[in-house]
2 protein chains.
Amino acid sequence: MTTIPRAGSAFLLAQIGAHAAARYAERVAALDLTPPQTGLLRAVAVEPGRSQQALATHLGMPASRLVALVDGLADRDLLERRRNPDDRRLHALHLTDAGEAMLSRIGRVAHAHDDALLAALDDTERATLHRLLTRIADDQGLTPGVHPGYRQV
Amino acid sequence: MTTIPRAGSAFLLAQIGAHAAARYAERVAALDLTPPQTGLLRAVAVEPGRSQQALATHLGMPASRLVALVDGLADRDLLERRRNPDDRRLHALHLTDAGEAMLSRIGRVAHAHDDALLAALDDTERATLHRLLTRIADDQGLTPGVHPGYRQV
DNA sequence: TATTGTTATACTCTATAACTATA
DNA sequence: TATAGTTATAGAGTATAACAATA
């Protein structure tokens, strides 16, 4: 007789995580954005003025991919490249006013997403979950705000 | 002044989930398997004899993709197709003895993976987390054992 | 010569849809 | 005509690496 391994927490985390990412992608699509784009906007807001190279390293993606991401957001005036007069190779990234406005819309979307995903839990349980997840993320060496799966779409 | 939205639980779940999936992929690569392959082996074990069509629907993937998956596992004698004499269009899927043996190796790998991912938590906390995650997965209508991100690799 | 940013190429993976066989 | 399974094609998305500008 065969024993079927029961789903452990690691599987549940991967399963719920993929579900959460897909639902989030749907929500930000209403803003005509993809999850990696929202991640980049957020990263720029956290520390304006970083170079594309620095951001690519921070986000864990090849520079060539970041260029395409920046292109799309710059075309829509959400982000701008500013040349550094001291070292003209560097392009410092900054949010535009429209970019700031977009970021707060993203914040509202993320909040609604959070609320829908955790609908099954009451406030105390949500706080407990958040605390446990933070401990795991910290222990696993995950960079705050950086999604390892900022690939595709 | 700009307000940076703090990472909520939905983001943490997506982040940790992607991390967990990547670490799991590394572990099963040692068995020369991909995560979708392990998912298929498990699904066959749970209910042997299902048709490829039924399994494709269950796992949420196109039949053409399942065929390639089955091909790879059948070539390695982990899985076998059995023709149904009553309806020769149907290919019932069953694990071979080697497939059963592989599944228990997968179980051990998954257990070690679980343990490493939850290293930051004690037993009581792990139980609490598992209970909360199960409630969320259930509330969100996720099919037990089926990873929505059984794509790529 | 080294580094930033950019562009081009080649590859991997996937879904769509055509096709074959059985019913 | 409809369904199970299979194969072929075409498209999306990526990383690698070549390239241009600046240091």
# chains A, B, ... in the order shown; residues from 1 in each chain; ligands from 1
>>> interface_residues(of="chain C", to="chain B", cutoff="12 Å", atoms="only C-alpha atoms (C1' of nucleotides)", output="NGL selection string")
:C and (12-17 or 20-23)
>>> select_by_dssp(residues="range 65-98 of chain B", states="helix (DSSP H, G or I)", output="ChimeraX atom specification")
/B:65-75,97-98
>>> atom_distance(atom1="CA of Thr128 in chain A", atom2="CA of Ala112 in chain A")
19.2 Å
>>> closest_atom_pairs(of="chain D", to="chain A", cutoff="10 Å", atoms="only C-alpha atoms (C1' of nucleotides)", output="Markdown table")
| residue | atom | partner | partner_atom | distance |
| --- | --- | --- | --- | --- |
| D:DA12 | C1' | A:Gln152 | CA | 9.1 |
| D:DG13 | C1' | A:Gln152 | CA | 6.3 |
| D:DT14 | C1' | A:Gln152 | CA | 8.1 |
| D:DA15 | C1' | A:Pro62 | CA | 7.6 |
| D:DT16 | C1' | A:Pro62 | CA | 9.9 |
| D:DA21 | C1' | A:Arg89 | CA | 7.4 |
| D:DT22 | C1' | A:Arg89 | CA | 5.6 |
| D:DA23 | C1' | A:Asp87 | CA | 7.5 |
>>> write_last_selection(atoms="N, CA and C atoms (P, O5', C5', C4', C3', O3' and C1' of nucleotides)", output="PDB file, in the first residue's frame")
ATOM      1  P    DA D  12       3.289  37.386 -29.172  1.00  0.00           P
ATOM      2  O5'  DA D  12       3.793  37.041 -27.708  1.00  0.00           O
ATOM      3  C5'  DA D  12       2.991  36.198 -26.871  1.00  0.00           C
ATOM      4  C4'  DA D  12       3.770  35.869 -25.623  1.00  0.00           C
ATOM      5  C3'  DA D  12       4.518  37.073 -25.045  1.00  0.00           C
ATOM      6  O3'  DA D  12       4.322  37.120 -23.643  1.00  0.00           O
ATOM      7  C1'  DA D  12       6.029  35.289 -25.503  1.00  0.00           C
ATOM      8  P    DG D  13       4.913  38.399 -22.843  1.00  0.00           P
ATOM      9  O5'  DG D  13       6.273  37.813 -22.255  1.00  0.00           O
ATOM     10  C5'  DG D  13       6.233  36.606 -21.505  1.00  0.00           C
ATOM     11  C4'  DG D  13       7.655  36.180 -21.223  1.00  0.00           C
ATOM     12  C3'  DG D  13       8.535  37.345 -20.774  1.00  0.00           C
ATOM     13  O3'  DG D  13       9.082  37.055 -19.498  1.00  0.00           O
ATOM     14  C1'  DG D  13       9.584  36.056 -22.474  1.00  0.00           C
ATOM     15  P    DT D  14      10.080  38.069 -18.802  1.00  0.00           P
ATOM     16  O5'  DT D  14      11.492  37.379 -18.986  1.00  0.00           O
ATOM     17  C5'  DT D  14      11.641  36.030 -18.536  1.00  0.00           C
ATOM     18  C4'  DT D  14      12.947  35.476 -19.014  1.00  0.00           C
ATOM     19  C3'  DT D  14      14.138  36.359 -18.698  1.00  0.00           C
ATOM     20  O3'  DT D  14      14.711  35.925 -17.474  1.00  0.00           O
ATOM     21  C1'  DT D  14      14.239  35.428 -20.930  1.00  0.00           C
ATOM     22  P    DA D  15      15.998  36.683 -16.897  1.00  0.00           P
ATOM     23  O5'  DA D  15      17.233  36.002 -17.643  1.00  0.00           O
ATOM     24  C5'  DA D  15      17.381  34.589 -17.598  1.00  0.00           C
ATOM     25  C4'  DA D  15      18.527  34.166 -18.494  1.00  0.00           C
ATOM     26  C3'  DA D  15      19.874  34.780 -18.120  1.00  0.00           C
ATOM     27  O3'  DA D  15      20.881  33.790 -18.318  1.00  0.00           O
ATOM     28  C1'  DA D  15      19.281  35.421 -20.338  1.00  0.00           C
ATOM     29  P    DT D  16      22.402  34.131 -17.954  1.00  0.00           P
ATOM     30  O5'  DT D  16      23.099  34.319 -19.372  1.00  0.00           O
ATOM     31  C5'  DT D  16      22.883  33.317 -20.372  1.00  0.00           C
ATOM     32  C4'  DT D  16      23.661  33.681 -21.622  1.00  0.00           C
ATOM     33  C3'  DT D  16      25.026  34.318 -21.345  1.00  0.00           C
ATOM     34  O3'  DT D  16      26.001  33.679 -22.169  1.00  0.00           O
ATOM     35  C1'  DT D  16      23.709  35.741 -22.722  1.00  0.00           C
ATOM     36  P    DA D  21      28.564  55.657 -29.590  1.00  0.00           P
ATOM     37  O5'  DA D  21      28.694  56.053 -28.053  1.00  0.00           O
ATOM     38  C5'  DA D  21      27.510  56.262 -27.311  1.00  0.00           C
ATOM     39  C4'  DA D  21      27.877  56.461 -25.858  1.00  0.00           C
ATOM     40  C3'  DA D  21      28.869  57.593 -25.600  1.00  0.00           C
ATOM     41  O3'  DA D  21      28.344  58.373 -24.540  1.00  0.00           O
ATOM     42  C1'  DA D  21      29.601  55.625 -24.549  1.00  0.00           C
ATOM     43  P    DT D  22      28.905  59.848 -24.270  1.00  0.00           P
ATOM     44  O5'  DT D  22      29.822  59.611 -23.007  1.00  0.00           O
ATOM     45  C5'  DT D  22      29.204  59.239 -21.787  1.00  0.00           C
ATOM     46  C4'  DT D  22      30.235  58.614 -20.880  1.00  0.00           C
ATOM     47  C3'  DT D  22      31.356  59.558 -20.447  1.00  0.00           C
ATOM     48  O3'  DT D  22      31.065  59.968 -19.120  1.00  0.00           O
ATOM     49  C1'  DT D  22      32.048  57.287 -20.779  1.00  0.00           C
ATOM     50  P    DA D  23      32.010  60.972 -18.388  1.00  0.00           P
ATOM     51  O5'  DA D  23      33.090  60.007 -17.735  1.00  0.00           O
ATOM     52  C5'  DA D  23      32.680  59.124 -16.714  1.00  0.00           C
ATOM     53  C4'  DA D  23      33.795  58.186 -16.360  1.00  0.00           C
ATOM     54  C3'  DA D  23      35.073  58.875 -15.924  1.00  0.00           C
ATOM     55  O3'  DA D  23      35.116  58.899 -14.501  1.00  0.00           O
ATOM     56  C1'  DA D  23      35.478  56.958 -17.312  1.00  0.00           C
TER      57       DA D  23
END
>>> interface_residues(of="chain B", to="chain A", cutoff="6 Å", atoms="only C-alpha atoms", output="mmCIF file with N, CA and C atoms, in the first residue's frame")
data_model
loop_
_atom_site.group_PDB
_atom_site.id
_atom_site.type_symbol
_atom_site.label_atom_id
_atom_site.label_comp_id
_atom_site.auth_asym_id
_atom_site.auth_seq_id
_atom_site.Cartn_x
_atom_site.Cartn_y
_atom_site.Cartn_z
ATOM 1 N N PRO B 5 4.419 51.926 0.929
ATOM 2 C CA PRO B 5 3.561 50.897 1.523
ATOM 3 C C PRO B 5 4.423 49.791 2.127
ATOM 4 N N SER B 9 0.940 40.805 4.458
ATOM 5 C CA SER B 9 1.077 39.354 4.454
ATOM 6 C C SER B 9 0.962 38.762 3.062
ATOM 7 N N ALA B 10 0.157 39.393 2.197
ATOM 8 C CA ALA B 10 0.016 38.858 0.845
ATOM 9 C C ALA B 10 1.360 38.880 0.125
ATOM 10 N N LEU B 13 3.613 36.243 1.628
ATOM 11 C CA LEU B 13 3.232 34.906 1.163
ATOM 12 C C LEU B 13 3.755 34.651 -0.246
ATOM 13 N N ALA B 14 3.628 35.647 -1.115
ATOM 14 C CA ALA B 14 4.112 35.480 -2.488
ATOM 15 C C ALA B 14 5.636 35.350 -2.504
ATOM 16 N N GLN B 15 6.276 36.165 -1.675
ATOM 17 C CA GLN B 15 7.745 36.150 -1.629
ATOM 18 C C GLN B 15 8.273 34.829 -1.080
ATOM 19 N N GLY B 17 6.627 32.085 -0.809
ATOM 20 C CA GLY B 17 6.154 31.006 -1.666
ATOM 21 C C GLY B 17 7.065 30.792 -2.861
ATOM 22 N N ALA B 18 7.506 31.873 -3.487
ATOM 23 C CA ALA B 18 8.409 31.751 -4.636
ATOM 24 C C ALA B 18 9.758 31.198 -4.185
ATOM 25 N N ALA B 20 10.226 29.253 -1.567
ATOM 26 C CA ALA B 20 10.021 27.839 -1.240
ATOM 27 C C ALA B 20 9.994 26.993 -2.505
ATOM 28 N N ALA B 21 9.330 27.492 -3.545
ATOM 29 C CA ALA B 21 9.240 26.741 -4.796
ATOM 30 C C ALA B 21 10.619 26.576 -5.425
ATOM 31 N N GLY B 107 8.950 12.150 -0.917
ATOM 32 C CA GLY B 107 8.380 12.463 0.392
ATOM 33 C C GLY B 107 9.451 12.860 1.389
ATOM 34 N N ASP B 114 10.621 21.127 4.068
ATOM 35 C CA ASP B 114 9.718 21.738 5.028
ATOM 36 C C ASP B 114 10.477 22.160 6.285
ATOM 37 N N ALA B 120 12.985 28.705 11.516
ATOM 38 C CA ALA B 120 12.886 29.804 12.474
ATOM 39 C C ALA B 120 11.782 29.581 13.515
ATOM 40 N N HIS B 130 0.582 26.179 10.099
ATOM 41 C CA HIS B 130 -0.059 25.197 9.218
ATOM 42 C C HIS B 130 -1.578 25.329 9.261
ATOM 43 N N ILE B 136 -6.638 29.509 4.915
ATOM 44 C CA ILE B 136 -6.568 30.418 3.768
ATOM 45 C C ILE B 136 -6.736 29.646 2.466
ATOM 46 N N HIS B 147 -0.477 22.797 -7.359
ATOM 47 C CA HIS B 147 0.232 24.072 -7.354
ATOM 48 C C HIS B 147 -0.166 24.861 -8.597
ATOM 49 N N GLY B 149 1.222 27.189 -9.901
ATOM 50 C CA GLY B 149 2.399 27.623 -10.655
ATOM 51 C C GLY B 149 3.195 26.452 -11.196
#
>>> atom_distance(atom1="CA of Gly39 in chain B", atom2="CA of Val28 in chain A")
29.5 Å
>>> atom_distance(atom1="CA of Met102 in chain A", atom2="CA of Leu78 in chain A")
7.6 Å
>>> residues_around(residues="Ala56 in chain B", least_positions_apart="2", cutoff="12 Å", atoms="only C-alpha atoms (C1' of nucleotides)", output="PyMOL selection string")
(chain B and resi 36+39-40+43-44+50-54+58-70+93+146+150) or (chain D and resi 4-5)
>>> select_by_dssp(residues="range 22-143 of chain A", states="strand (DSSP E)", output="list in words")
Leu79, Glu80, Arg81, Arg82, Arg83, His91, Ala92, Leu93, His94 and Leu95 of chain A
>>> closest_residue(among="A:Leu41, A:Ala30, A:Glu47, A:Thr57", to="Ala74 in chain A", atoms="only C-alpha atoms")
A:Leu41
>>> decode(residues="range 81-117 of chain A", atoms="C-alpha atoms", output="compact mmCIF listing (two decimals), in the first residue's frame")
# COMPACT_ATOMS: atom_id res chain seq x y z
CA ARG A 81 16.26 58.91 -15.90
CA ARG A 82 18.50 61.74 -14.74
CA ARG A 83 22.03 61.91 -16.02
CA ASN A 84 24.70 62.44 -13.41
CA PRO A 85 26.94 65.37 -14.52
CA ASP A 86 29.89 63.95 -12.55
CA ASP A 87 29.72 60.54 -14.22
CA ARG A 88 27.70 60.66 -17.39
CA ARG A 89 27.50 56.87 -17.58
CA LEU A 90 25.07 56.80 -14.67
CA HIS A 91 21.32 57.16 -15.01
CA ALA A 92 19.78 57.98 -11.66
CA LEU A 93 16.15 56.88 -11.44
CA HIS A 94 13.42 59.01 -9.89
CA LEU A 95 9.64 58.86 -9.75
CA THR A 96 7.74 61.61 -11.50
CA ASP A 97 4.71 63.21 -9.84
CA ALA A 98 2.55 60.85 -11.86
CA GLY A 99 4.72 58.02 -10.61
CA GLU A 100 4.14 59.05 -7.00
CA ALA A 101 0.41 59.18 -7.65
CA MET A 102 0.51 55.77 -9.26
CA LEU A 103 2.39 54.37 -6.30
CA SER A 104 -0.36 55.37 -3.92
CA ARG A 105 -2.95 53.79 -6.18
CA ILE A 106 -0.80 50.63 -6.09
CA GLY A 107 -0.80 50.87 -2.31
CA ARG A 108 -4.60 50.89 -2.21
CA VAL A 109 -4.76 47.94 -4.59
CA ALA A 110 -2.26 46.00 -2.50
CA HIS A 111 -4.27 46.68 0.63
CA ALA A 112 -7.49 45.42 -0.94
CA HIS A 113 -5.60 42.38 -2.20
CA ASP A 114 -4.27 41.67 1.26
CA ASP A 115 -7.71 41.95 2.74
CA ALA A 116 -9.26 39.57 0.22
CA LEU A 117 -6.51 36.99 0.59
